[in-house]
file upload-v6.cif (mmCIF, C-alpha atoms)
data_work
#
loop_
_atom_site.label_atom_id
_atom_site.label_comp_id
_atom_site.auth_asym_id
_atom_site.auth_seq_id
_atom_site.Cartn_x
_atom_site.Cartn_y
_atom_site.Cartn_z
CA MET A 172 124.70 -44.68 -32.96
CA ALA A 173 121.53 -43.08 -32.05
CA PHE A 174 121.11 -40.62 -29.17
CA THR A 175 118.09 -40.17 -27.18
CA ARG A 176 117.07 -37.09 -25.17
CA THR A 177 115.19 -37.30 -22.03
CA THR A 178 112.20 -35.16 -21.75
CA GLY A 179 112.65 -32.13 -19.49
CA LYS A 180 111.45 -28.61 -18.94
CA HIS A 181 114.09 -27.27 -21.23
CA ARG A 182 112.72 -29.18 -24.13
CA ARG A 183 110.75 -27.15 -26.75
CA THR A 184 107.13 -28.15 -27.40
CA GLY A 185 106.19 -29.68 -30.64
CA ARG A 186 104.32 -27.93 -33.45
CA LEU A 187 101.09 -29.72 -32.70
CA GLY A 188 101.12 -28.57 -29.13
CA ARG A 189 101.89 -25.00 -30.15
CA SER A 190 99.04 -24.95 -32.62
CA THR A 191 96.65 -26.31 -30.08
CA ALA A 192 97.69 -23.72 -27.54
CA TYR A 193 97.38 -20.92 -30.08
CA VAL A 194 93.88 -21.90 -31.01
CA ALA A 195 92.87 -22.10 -27.36
CA GLY A 196 94.30 -18.64 -26.71
CA VAL A 197 92.46 -17.11 -29.62
CA ALA A 198 89.22 -18.66 -28.43
CA ALA A 199 89.79 -17.22 -24.97
CA LEU A 200 90.47 -13.75 -26.35
CA ALA A 201 87.38 -13.97 -28.51
CA ALA A 202 85.36 -15.00 -25.51
CA THR A 203 86.58 -11.99 -23.51
CA GLY A 204 86.10 -9.54 -26.39
CA VAL A 205 89.76 -8.63 -26.61
CA ILE A 206 90.06 -9.92 -30.12
CA GLY A 207 87.49 -7.40 -31.25
CA GLY A 208 89.93 -4.56 -30.60
CA LEU A 209 92.73 -6.03 -32.69
CA THR A 210 93.40 -5.14 -36.28
CA ALA A 211 91.15 -7.20 -38.45
CA THR A 212 92.80 -9.97 -40.25
CA PRO A 213 91.43 -11.37 -43.46
CA ALA A 214 89.87 -14.16 -41.45
CA THR A 215 88.09 -11.89 -38.98
CA ALA A 216 87.00 -9.54 -41.73
CA ALA A 217 85.41 -12.43 -43.44
CA GLN A 218 83.42 -13.12 -40.27
CA ARG A 219 81.86 -9.59 -39.92
CA PRO A 220 78.96 -10.06 -42.37
CA ALA A 221 77.72 -12.99 -40.28
CA GLU A 222 77.91 -10.89 -37.10
CA GLY A 223 75.91 -8.02 -38.77
CA ALA A 224 73.28 -10.44 -39.89
CA GLY A 225 72.84 -11.61 -36.32
CA LEU A 226 72.38 -8.02 -35.08
CA THR A 227 69.77 -7.45 -37.76
CA ARG A 228 67.93 -10.54 -36.61
CA VAL A 229 68.04 -9.29 -32.99
CA LEU A 230 66.67 -5.86 -33.97
CA ALA A 231 63.95 -7.48 -36.07
CA GLY A 232 62.98 -9.67 -33.15
CA ALA A 233 62.74 -6.63 -30.87
CA ALA A 234 60.51 -4.80 -33.36
CA THR A 235 58.26 -7.84 -33.59
CA ALA A 236 58.02 -8.01 -29.81
CA ASP A 237 57.11 -4.31 -29.70
CA ARG A 238 54.38 -4.87 -32.27
CA ILE A 239 53.01 -7.84 -30.33
CA SER A 240 53.09 -5.82 -27.11
CA ALA A 241 51.32 -2.92 -28.83
CA GLN A 242 48.72 -5.28 -30.27
CA ALA A 243 48.15 -6.85 -26.86
CA ALA A 244 47.76 -3.40 -25.29
CA ALA A 245 45.29 -2.41 -28.02
CA GLN A 246 43.35 -5.62 -27.49
CA ARG A 247 43.22 -5.00 -23.74
CA HIS A 248 42.03 -1.43 -24.32
CA ALA A 249 39.38 -2.63 -26.77
CA ALA A 250 38.23 -5.28 -24.31
CA TYR A 251 38.06 -2.67 -21.55
CA GLU A 252 36.01 -0.33 -23.74
CA ALA A 253 33.70 -3.21 -24.76
CA ALA A 254 33.21 -4.16 -21.12
CA ALA A 255 32.50 -0.53 -20.22
CA ARG A 256 29.98 -0.26 -23.05
CA ARG A 257 28.30 -3.49 -21.97
CA THR A 258 28.18 -2.28 -18.38
CA ALA A 259 26.58 0.97 -19.53
CA GLU A 260 24.11 -0.95 -21.71
CA LEU A 261 23.15 -3.25 -18.83
CA LYS A 262 22.72 -0.25 -16.55
CA ALA A 263 20.54 1.47 -19.14
CA GLU A 264 18.52 -1.72 -19.61
CA ARG A 265 17.99 -2.08 -15.86
CA LYS A 266 16.98 1.56 -15.64
CA ALA A 267 14.54 1.13 -18.52
CA VAL A 268 13.06 -1.98 -16.89
CA GLU A 269 12.70 -0.17 -13.57
CA THR A 270 11.12 2.84 -15.27
CA LYS A 271 8.70 0.57 -17.11
CA ARG A 272 7.88 -1.29 -13.88
CA LYS A 273 7.17 1.98 -12.06
CA ALA A 274 5.03 3.22 -14.95
CA GLU A 275 3.03 -0.01 -15.01
CA ALA A 276 2.59 0.12 -11.22
CA ALA A 277 1.39 3.72 -11.47
CA LYS A 278 -0.96 2.69 -14.28
CA ARG A 279 -2.35 -0.16 -12.16
CA ARG A 280 -2.87 2.23 -9.25
CA ALA A 281 -4.64 4.70 -11.53
CA VAL A 282 -6.84 1.91 -12.88
CA LYS A 283 -7.68 0.84 -9.33
CA ARG A 284 -8.55 4.42 -8.40
CA ARG A 285 -10.74 4.81 -11.47
CA THR A 286 -12.37 1.45 -10.80
CA ALA A 287 -13.03 2.43 -7.18
CA LYS A 288 -14.52 5.74 -8.30
CA MET A 289 -16.67 4.01 -10.89
CA ARG A 290 -17.89 1.50 -8.33
CA ALA A 291 -18.66 4.27 -5.87
CA ALA A 292 -20.50 6.19 -8.60
CA ARG A 293 -22.49 3.10 -9.59
CA ALA A 294 -23.31 2.45 -5.95
CA ALA A 295 -24.46 6.05 -5.59
CA VAL A 296 -26.59 5.67 -8.71
CA ARG A 297 -28.05 2.45 -7.37
CA ARG A 298 -28.84 4.16 -4.12
CA SER A 299 -30.37 7.08 -5.96
CA VAL A 300 -32.50 4.90 -8.23
CA ALA A 301 -33.35 2.29 -5.62
CA TYR A 302 -37.03 2.01 -4.91
CA THR A 303 -38.99 0.50 -2.05
CA VAL A 304 -42.56 0.12 -0.89
CA PRO A 305 -44.11 3.07 0.98
CA ILE A 306 -45.39 0.85 3.82
CA ILE A 307 -43.09 -1.99 4.89
CA GLY A 308 -44.83 -5.33 5.33
CA SER A 309 -48.15 -4.03 4.01
CA TYR A 310 -50.37 -4.98 1.07
CA VAL A 311 -52.74 -3.34 -1.39
CA THR A 312 -56.37 -3.20 -0.25
CA THR A 313 -57.85 -1.15 -3.13
CA GLY A 314 -56.45 -1.36 -6.64
CA TYR A 315 -55.87 1.25 -9.30
CA ARG A 316 -58.91 2.35 -11.33
CA THR A 317 -61.34 0.67 -8.97
CA GLY A 318 -64.79 2.22 -9.65
CA GLY A 319 -67.23 3.67 -7.08
CA SER A 320 -68.96 6.72 -5.69
CA LEU A 321 -66.23 7.27 -3.13
CA TRP A 322 -64.13 9.04 -5.77
CA SER A 323 -65.17 12.22 -7.54
CA SER A 324 -63.65 11.00 -10.80
CA GLY A 325 -65.67 7.79 -10.58
CA SER A 326 -62.59 5.59 -10.11
CA HIS A 327 -59.59 5.22 -7.86
CA THR A 328 -56.61 7.28 -9.07
CA GLY A 329 -54.09 5.36 -6.96
CA ILE A 330 -53.78 2.31 -4.70
CA ASP A 331 -54.44 1.95 -0.98
CA PHE A 332 -52.01 0.22 1.39
CA HIS A 333 -53.29 -1.31 4.59
CA ALA A 334 -51.90 0.68 7.56
CA ALA A 335 -53.02 1.55 11.08
CA THR A 336 -52.81 5.15 12.20
CA GLY A 337 -49.24 6.10 13.02
CA THR A 338 -47.58 3.57 10.72
CA PRO A 339 -44.31 4.97 9.21
CA VAL A 340 -44.64 6.08 5.59
CA HIS A 341 -41.46 5.98 3.47
CA ALA A 342 -40.37 7.74 0.29
CA VAL A 343 -40.33 5.10 -2.44
CA GLY A 344 -37.18 6.58 -4.04
CA THR A 345 -34.84 9.56 -4.26
CA GLY A 346 -36.73 12.79 -4.73
CA THR A 347 -37.55 16.34 -3.67
CA VAL A 348 -40.61 17.47 -1.75
CA VAL A 349 -42.77 19.75 -3.92
CA GLU A 350 -45.83 19.71 -1.66
CA ALA A 351 -46.29 18.97 2.04
CA GLY A 352 -49.57 19.95 3.69
CA TRP A 353 -53.32 19.84 3.35
CA GLY A 354 -54.55 18.42 0.05
CA GLY A 355 -58.38 18.61 0.24
CA ALA A 356 -59.91 15.16 -0.25
CA TYR A 357 -56.43 13.68 0.22
CA GLY A 358 -56.19 15.20 3.70
CA ASN A 359 -52.60 15.71 4.79
CA ASN A 360 -50.54 14.76 1.77
CA ILE A 361 -46.98 14.86 0.36
CA VAL A 362 -46.00 15.07 -3.31
CA LEU A 363 -42.41 14.16 -4.33
CA ARG A 364 -40.66 14.86 -7.59
CA MET A 365 -38.61 11.72 -8.24
CA HIS A 366 -35.11 11.63 -9.72
CA ASP A 367 -36.48 10.45 -13.10
CA GLY A 368 -38.95 13.35 -13.41
CA THR A 369 -42.04 11.44 -12.32
CA TYR A 370 -44.04 12.25 -9.18
CA THR A 371 -45.42 10.23 -6.28
CA GLN A 372 -48.18 11.22 -3.82
CA TYR A 373 -48.89 10.03 -0.26
CA GLY A 374 -52.35 10.85 1.17
CA HIS A 375 -54.52 10.68 4.31
CA LEU A 376 -51.48 11.18 6.57
CA SER A 377 -51.78 11.80 10.29
CA THR A 378 -48.35 13.49 10.58
CA ILE A 379 -46.00 15.05 8.01
CA ALA A 380 -42.23 14.92 8.71
CA VAL A 381 -40.81 16.85 5.71
CA THR A 382 -41.11 20.30 4.15
CA ALA A 383 -41.26 21.61 0.59
CA GLY A 384 -37.85 21.78 -1.08
CA GLN A 385 -36.36 19.04 1.07
CA SER A 386 -34.50 16.14 -0.54
CA VAL A 387 -35.38 12.62 0.50
CA ALA A 388 -33.71 9.23 0.05
CA PRO A 389 -35.21 5.84 -0.74
CA GLY A 390 -36.84 4.37 2.36
CA GLN A 391 -36.63 7.62 4.33
CA ARG A 392 -39.56 8.14 6.71
CA ILE A 393 -41.53 11.16 5.54
CA ALA A 394 -44.82 10.81 7.48
CA LEU A 395 -47.14 8.67 9.56
CA SER A 396 -50.28 7.13 8.11
CA GLY A 397 -53.78 8.20 9.17
CA ALA A 398 -57.36 8.83 8.00
CA THR A 399 -57.41 12.57 7.24
CA GLY A 400 -59.45 13.90 4.29
CA ASN A 401 -61.97 11.78 2.41
CA ALA A 402 -61.25 8.40 4.01
CA THR A 403 -63.38 5.64 5.54
CA GLY A 404 -60.56 4.49 7.82
CA PRO A 405 -56.78 4.67 8.32
CA HIS A 406 -54.69 3.65 5.33
CA LEU A 407 -52.16 5.12 2.90
CA HIS A 408 -53.29 6.39 -0.49
CA PHE A 409 -50.37 6.17 -2.94
CA GLU A 410 -50.30 7.62 -6.45
CA ALA A 411 -47.77 7.78 -9.30
CA ARG A 412 -48.07 10.79 -11.63
CA THR A 413 -46.44 12.36 -14.66
CA THR A 414 -46.94 15.87 -13.17
CA PRO A 415 -47.50 17.09 -9.60
CA ASP A 416 -51.17 17.76 -10.38
CA TYR A 417 -54.30 15.70 -9.96
CA GLY A 418 -55.41 13.93 -13.15
CA SER A 419 -51.92 12.93 -14.39
CA ASP A 420 -52.00 9.60 -12.57
CA ILE A 421 -50.43 6.39 -13.96
CA ASP A 422 -50.69 2.81 -12.69
CA PRO A 423 -48.75 2.85 -9.39
CA VAL A 424 -48.31 -0.95 -9.26
CA ALA A 425 -46.76 -0.99 -12.72
CA TYR A 426 -44.69 2.04 -11.74
CA LEU A 427 -43.24 0.36 -8.65
CA ARG A 428 -42.65 -2.93 -10.47
CA SER A 429 -40.80 -1.10 -13.24
CA HIS A 430 -38.34 0.02 -10.54
CA GLY A 431 -37.87 -3.44 -9.13
CA VAL A 432 -40.36 -3.25 -6.27
CA LYS A 433 -42.51 -6.31 -5.61
CA VAL A 434 -46.09 -5.30 -4.95
#
call {"tool": "encode", "arguments": {"input": "upload-v6.cif", "output": "structure tokens"}}
result
Amino acid sequence: MAFTRTTGKHRRTGRLGRSTAYVAGVAALAATGVIGGLTATPATAAQRPAEGAGLTRVLAGAATADRISAQAAAQRHAAYEAAARRTAELKAERKAVETKRKAEAAKRRAVKRRTAKMRAARAAVRRSVAYTVPIIGSYVTTGYRTGGSLWSSGSHTGIDFHAATGTPVHAVGTGTVVEAGWGGAYGNNIVLRMHDGTYTQYGHLSTIAVTAGQSVAPGQRIALSGATGNATGPHLHFEARTTPDYGSDIDPVAYLRSHGVKV
């Protein structure tokens, strides 16, 4: 006859239940780290190489991370230095451009100053070499080398301009007075040494307005016309000479035309 036992709290658990509970307890101890302090069993000893390998992998990973961090820091430093160099290069380039711009501006100003000086000098030269007629609005009544008994040499050594007494007489160009006074047959006369070394003479004057040694400009009034000396009536006798003396006369019409004066 078979007997059956009712299940109660006094009944002992089966082997399967005990094994399951044991394994669960060991897992819990391992999870809390308690099992690490126990005397190693052959099973746990067999597990240690795997745990060491994991630590090695962790340390290797940390070293790799350090190298990557160091490389990143070096790259950032290199980028910073490159940016600083580029900034310095750009600054130097801007400074060089500004220096070049200032130098070119100064050069342009110097060129303008030189050009202005040259223009002023040329204008002064033009003023100094400018020539004009001795009597404004007049005309030649007796030509050069006209023959007759009126002249001691037998011919006219200059040209005569029509002019009433008191008509202004002008210097034909820039020059210096070498003679101003009585000139014999020429009456009151003026002789000028011109800037080019030639001479001009103005005769039969009624009034003289300059003195010897005085400088005169083109068109400056130097006298008033008249009929002093050997003259048949008021007019201006004009001569061009190579020296201040009588007898060195040259064609006065050609002389004035060579200096741009229409006669």
call {"tool": "resolve_selection", "arguments": {"input": "upload-v6.cif", "expression": "the PyMOL selection byres ((chain A and resi 387) around 9)", "output": "ChimeraX atom specification"}}
result
/A:342,344-348,363,381,385-386,388-393
call {"tool": "resolve_selection", "arguments": {"input": "upload-v6.cif", "expression": "the PyMOL selection byres ((chain A and resi 305) around 6)", "output": "PyMOL selection string"}}
result
chain A and resi 304+306+340-341+343
call {"tool": "resolve_selection", "arguments": {"input": "upload-v6.cif", "expression": "the PyMOL selection byres ((chain A and resi 406-418) around 10)", "output": "mmCIF file with C-alpha atoms, in the frame of the given file"}}
result
data_model
loop_
_atom_site.group_PDB
_atom_site.id
_atom_site.type_symbol
_atom_site.label_atom_id
_atom_site.label_comp_id
_atom_site.auth_asym_id
_atom_site.auth_seq_id
_atom_site.Cartn_x
_atom_site.Cartn_y
_atom_site.Cartn_z
ATOM 1 C CA PRO A 305 -44.110 3.070 0.980
ATOM 2 C CA ILE A 306 -45.390 0.850 3.820
ATOM 3 C CA VAL A 311 -52.740 -3.340 -1.390
ATOM 4 C CA THR A 312 -56.370 -3.200 -0.250
ATOM 5 C CA THR A 313 -57.850 -1.150 -3.130
ATOM 6 C CA TYR A 315 -55.870 1.250 -9.300
ATOM 7 C CA SER A 324 -63.650 11.000 -10.800
ATOM 8 C CA HIS A 327 -59.590 5.220 -7.860
ATOM 9 C CA THR A 328 -56.610 7.280 -9.070
ATOM 10 C CA GLY A 329 -54.090 5.360 -6.960
ATOM 11 C CA ILE A 330 -53.780 2.310 -4.700
ATOM 12 C CA ASP A 331 -54.440 1.950 -0.980
ATOM 13 C CA PHE A 332 -52.010 0.220 1.390
ATOM 14 C CA HIS A 333 -53.290 -1.310 4.590
ATOM 15 C CA ALA A 334 -51.900 0.680 7.560
ATOM 16 C CA ALA A 335 -53.020 1.550 11.080
ATOM 17 C CA THR A 336 -52.810 5.150 12.200
ATOM 18 C CA GLY A 337 -49.240 6.100 13.020
ATOM 19 C CA THR A 338 -47.580 3.570 10.720
ATOM 20 C CA VAL A 340 -44.640 6.080 5.590
ATOM 21 C CA VAL A 349 -42.770 19.750 -3.920
ATOM 22 C CA GLU A 350 -45.830 19.710 -1.660
ATOM 23 C CA TYR A 357 -56.430 13.680 0.220
ATOM 24 C CA ASN A 360 -50.540 14.760 1.770
ATOM 25 C CA ILE A 361 -46.980 14.860 0.360
ATOM 26 C CA VAL A 362 -46.000 15.070 -3.310
ATOM 27 C CA LEU A 363 -42.410 14.160 -4.330
ATOM 28 C CA ARG A 364 -40.660 14.860 -7.590
ATOM 29 C CA GLY A 368 -38.950 13.350 -13.410
ATOM 30 C CA THR A 369 -42.040 11.440 -12.320
ATOM 31 C CA TYR A 370 -44.040 12.250 -9.180
ATOM 32 C CA THR A 371 -45.420 10.230 -6.280
ATOM 33 C CA GLN A 372 -48.180 11.220 -3.820
ATOM 34 C CA TYR A 373 -48.890 10.030 -0.260
ATOM 35 C CA GLY A 374 -52.350 10.850 1.170
ATOM 36 C CA HIS A 375 -54.520 10.680 4.310
ATOM 37 C CA LEU A 376 -51.480 11.180 6.570
ATOM 38 C CA SER A 377 -51.780 11.800 10.290
ATOM 39 C CA LEU A 395 -47.140 8.670 9.560
ATOM 40 C CA SER A 396 -50.280 7.130 8.110
ATOM 41 C CA GLY A 397 -53.780 8.200 9.170
ATOM 42 C CA ALA A 398 -57.360 8.830 8.000
ATOM 43 C CA THR A 399 -57.410 12.570 7.240
ATOM 44 C CA ALA A 402 -61.250 8.400 4.010
ATOM 45 C CA THR A 403 -63.380 5.640 5.540
ATOM 46 C CA GLY A 404 -60.560 4.490 7.820
ATOM 47 C CA PRO A 405 -56.780 4.670 8.320
ATOM 48 C CA SER A 419 -51.920 12.930 -14.390
ATOM 49 C CA ASP A 420 -52.000 9.600 -12.570
ATOM 50 C CA ILE A 421 -50.430 6.390 -13.960
ATOM 51 C CA ASP A 422 -50.690 2.810 -12.690
ATOM 52 C CA PRO A 423 -48.750 2.850 -9.390
ATOM 53 C CA VAL A 424 -48.310 -0.950 -9.260
ATOM 54 C CA ALA A 425 -46.760 -0.990 -12.720
ATOM 55 C CA TYR A 426 -44.690 2.040 -11.740
ATOM 56 C CA LEU A 427 -43.240 0.360 -8.650
#
call {"tool": "closest_residue", "arguments": {"input": "upload-v6.cif", "among": "A:Ala276, A:Asp367, A:Pro339, A:Ala383", "to": "Gly308 (chain A)", "atoms": "all atoms listed in the file"}}
result
A:Pro339
call {"tool": "atom_distance", "arguments": {"input": "upload-v6.cif", "atom1": "CA of Ala380 (chain A)", "atom2": "CA of Thr317 (chain A)"}}
result
29.7 Å
call {"tool": "closest_residue", "arguments": {"input": "upload-v6.cif", "among": "A:Ile239, A:Glu264, A:Asn401, A:Lys288", "to": "Ser323 (chain A)", "atoms": "only C-alpha atoms"}}
result
A:Asn401
call {"tool": "atom_distance", "arguments": {"input": "upload-v6.cif", "atom1": "CA of Gly352 (chain A)", "atom2": "CA of Gly319 (chain A)"}}
result
26.3 Å
call {"tool": "atom_distance", "arguments": {"input": "upload-v6.cif", "atom1": "CA of Gly354 (chain A)", "atom2": "CA of Thr378 (chain A)"}}
result
13.2 Å
